[in-house]
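The structure appears below as structure tokens.
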Amino acid sequence: MSEPACWVLLRGLTRESGHWAEFPALLERELPGVRVLSLDLPGNGSLYRQASPSHVAEMVECCRSELARRGLRGPVHLLGMSLGGMVACDWSLRYPGEVAGTVLINTGLRPYSPLLRRMRPLNYWKLLALGALRLGVRWREARVLALTSRMVHEPRTVLENWVALQRQHPVALRNGLRQLLAALRYRPGRPRVPMLLLCSQADGLVDWRCSQALSRAWGVPLRLHTEAGHDLVLDDPLWVAQALVDWLRARQMHAALPAMAGAAGAADARGLVARSGLAGT
């Protein structure tokens with residue numbers, strides 16, 4: 001019996017698997033029969049005692065090793081946010097046979113966007129200062145929540161969960177700096193796997209136009225959320241899950257084009273894909 005399709009989730013700078021909250025369970029409900037795994041990058045979450053690599057490629061190798069340890073062969077779908085999106089992108093670029101498709105959320109990449117759009121400096125320096133200052137965990141996490149979310153419905157509950165995660169898996173300042181260095185260094189080519197870009201217009205850390213630039217350069221579909229902040233999955237998890245469902249459906253229709261062209265005409269088939277709103281996958 002073949003293994004179920006698998007989605008691998010990758011979080012961003014200094015964040016961990018626990019920050020996905022209920023999204024993995026939501027995704028499994030929206031995509032019946034799919035297995036969802038969330039991996040921690042070295043230095044974060046369950047791996048907080050490890051040193052964070054200072055290159056994205058090294059993060060990819062750590063994730064691949066973890067999948068191998070779990071006996072997962074792939075190919076898998078990758079969903080990454082911010083720094084996790086860079087890891088997903090590099091994984092797709094260097095090991096396309098292991099990747100069935102990739103979704104990048106609020107990810108800015110060089111050389112497609114200038115630094116001041118990829119990393120809005122004032123807010124990133126605020127995040128680094130929060131890690132450097134000896135302030136209470138609750139105060140720091142409250143400031144991070146204010147910087148990354150615009151629509152969270154139960155901020156007190158989210159804050160309590162984040163405080164518990166940070167106390168259980170404290171991220172060292174040096175690891176945060178090494179992760180930031182890896183993000184600044186990263187310069188990818190164009191991955192040759194199916195890809196979807198999701199971004200937030202109200203993102204205070206990464207300008208949404210970074211995703212727009214990638215969409216234009218790579219010819220891949222983009223969906224824009226007009227209200228959410230950087231943590232799009234926190235602000236509107238249902239919107240993200242539906243975007244993934246729509247994208248997969250559009251890909252299925254693309255795959256069926258040859259047969260549909262013979263039965264009903266290629267124009268009608270392409271019309272169905274166009275109406276899905278995700279042409280270009």
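Ordered as shown in the structure tokens, chains take letters A, B, and onward, while each chain numbers its residues from 1 and ligands are numbered from 1 in the order shown.
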Non-local contacts of A:Asp235 (7 Å; only C-alpha atoms; under 3 positions in same chain excluded) as an NGL selection string: :A and (149-152 or 228-229 or 231-232)
Resulting file, chosen residues, N, CA and C atoms, as a PDB file, in the first residue's frame:
```
ATOM      1  N   SER A 149       0.843  39.955  13.818  1.00  0.00           N
ATOM      2  CA  SER A 149      -0.560  39.616  13.611  1.00  0.00           C
ATOM      3  C   SER A 149      -1.415  40.876  13.506  1.00  0.00           C
ATOM      4  N   ARG A 150      -2.455  40.797  12.656  1.00  0.00           N
ATOM      5  CA  ARG A 150      -3.389  41.901  12.491  1.00  0.00           C
ATOM      6  C   ARG A 150      -4.844  41.472  12.715  1.00  0.00           C
ATOM      7  N   MET A 151      -5.084  40.149  12.761  1.00  0.00           N
ATOM      8  CA  MET A 151      -6.474  39.683  12.781  1.00  0.00           C
ATOM      9  C   MET A 151      -6.754  38.607  13.831  1.00  0.00           C
ATOM     10  N   VAL A 152      -5.808  38.336  14.697  1.00  0.00           N
ATOM     11  CA  VAL A 152      -5.984  37.224  15.623  1.00  0.00           C
ATOM     12  C   VAL A 152      -7.244  37.421  16.473  1.00  0.00           C
ATOM     13  N   ALA A 228      -4.498  40.451   6.599  1.00  0.00           N
ATOM     14  CA  ALA A 228      -3.672  39.702   7.546  1.00  0.00           C
ATOM     15  C   ALA A 228      -2.282  40.298   7.687  1.00  0.00           C
ATOM     16  N   GLY A 229      -1.630  39.959   8.811  1.00  0.00           N
ATOM     17  CA  GLY A 229      -0.257  40.360   9.054  1.00  0.00           C
ATOM     18  C   GLY A 229       0.725  39.301   8.586  1.00  0.00           C
ATOM     19  N   ASP A 231       2.062  36.774  10.097  1.00  0.00           N
ATOM     20  CA  ASP A 231       1.677  35.403  10.459  1.00  0.00           C
ATOM     21  C   ASP A 231       0.303  35.106   9.869  1.00  0.00           C
ATOM     22  N   LEU A 232       0.289  34.906   8.574  1.00  0.00           N
ATOM     23  CA  LEU A 232      -0.954  34.709   7.834  1.00  0.00           C
ATOM     24  C   LEU A 232      -1.721  33.489   8.331  1.00  0.00           C
TER      25      LEU A 232
END
```
Contact check, stretch 63-164 of chain A to stretch 248-253 of chain A, at most 12 Å, counting only C-alpha atoms, closest pairs as JSON lines:
```
{"residue": "A:His77", "atom": "CA", "partner": "A:Leu248", "partner_atom": "CA", "distance": 10.7}
{"residue": "A:Ala100", "atom": "CA", "partner": "A:Leu248", "partner_atom": "CA", "distance": 10.9}
{"residue": "A:Gly101", "atom": "CA", "partner": "A:Leu248", "partner_atom": "CA", "distance": 9.3}
{"residue": "A:Thr102", "atom": "CA", "partner": "A:Leu248", "partner_atom": "CA", "distance": 11.0}
{"residue": "A:Val103", "atom": "CA", "partner": "A:Leu248", "partner_atom": "CA", "distance": 11.0}
```
Atom CA of A:Gly85 to atom CA of A:Ala256, distance in Å rounded to a single decimal: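 Atom-to-atom, atom CA of A:Gly85 and atom CA of A:Ala256 are spaced 28.9 Å apart.
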Expected answer as JSON, numbers by chain: alpha helix (DSSP H) residues in stretch 32-264 of chain A: {"A": [56, 57, 58, 59, 60, 61, 62, 63, 64, 65, 66, 67, 68, 69, 83, 84, 85, 86, 87, 88, 89, 90, 91, 92, 93, 94, 115, 116, 117, 118, 121, 122, 123, 124, 125, 126, 127, 128, 129, 130, 131, 132, 137, 138, 139, 140, 141, 142, 143, 144, 145, 146, 147, 148, 155, 156, 157, 158, 159, 160, 161, 162, 163, 164, 165, 166, 167, 168, 173, 174, 175, 176, 177, 178, 179, 180, 181, 182, 183, 184, 185, 209, 210, 211, 212, 213, 214, 215, 216, 217, 218, 232, 233, 234, 235, 237, 238, 239, 240, 241, 242, 243, 244, 245, 246, 247, 248, 249, 250, 251, 252, 253, 254, 255, 257, 258, 259, 260, 261, 262, 263, 264]}
Can you tell me how far atom CA of A:Arg174 sits from atom CA of A:Arg94, in Å to one decimal? 27.5 Å
So, counting only C-alpha atoms, which residue among A:Leu79, A:Val240, A:Val56, A:Ala25 is closest to A:Arg178?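 Once distances to A:Arg178 are computed over only C-alpha atoms, the minimum belongs to A:Val56.
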Min atom-atom distance to A:Asn44 from the set A:Pro111, A:Gly176, A:Pro155, A:Pro75, counting only C-alpha atoms, belongs to A:Gly176
Rank A:Leu196, A:Leu47, A:Ala183, A:Leu147 by their smallest atom-to-atom distance to A:Pro170, using only C-alpha atoms, and report the top residue only.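 For A:Pro170, the nearest of the candidates is A:Leu47.
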Stretch 20-224 of chain A: residues DSSP assigns to strand (DSSP E), reported as an MDAnalysis selection string: chainID A and resid 35:39 76:81 99:105 195:200 222:224
Å distance separating atom CA of A:Leu13 from atom CA of A:Leu83, one decimal place: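 Spanning atom CA of A:Leu13 to atom CA of A:Leu83 is a straight-line distance of 5.7 Å.
Comparing the minimum interatomic distances between A:Ala213 and each of A:Ser113, A:Asn161, A:Thr226, A:Ser65, counting only C-alpha atoms, we find that A:Ser113 sits nearest.
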Which residues, written as a list of chain:residue names, have at least one atom at most 12 Å from A:Arg167, with only C-alpha atoms counted and residues fewer than 2 positions away on the same chain left out? A:Gly45, A:Ser46, A:Tyr48, A:Gly136, A:Val137, A:Arg138, A:Arg140, A:Glu141, A:Glu160, A:Asn161, A:Trp162, A:Val163, A:Ala164, A:Leu165, A:His169, A:Pro170, A:Val171, A:Ala172
Write out as a count of residues only the residues lying within 8 Å of stretch 185-195 of chain A, counting only C-alpha atoms and excluding same-chain residues fewer than 4 positions away. 22
Of the candidates A:Cys6, A:Pro53, A:Val87, A:Arg117, which shows the shortest atom-to-atom distance to A:Arg73, using only C-alpha atoms?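 Of all the options, A:Cys6 lies closest to A:Arg73.
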Nearest to A:Gln166, chosen from A:Glu22, A:Glu28, A:Leu180, A:Trp139, with only C-alpha atoms counted in the distances: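 Checking each of A:Glu22, A:Glu28, A:Leu180, A:Trp139 against A:Gln166, counting only C-alpha atoms, the winner is A:Trp139.
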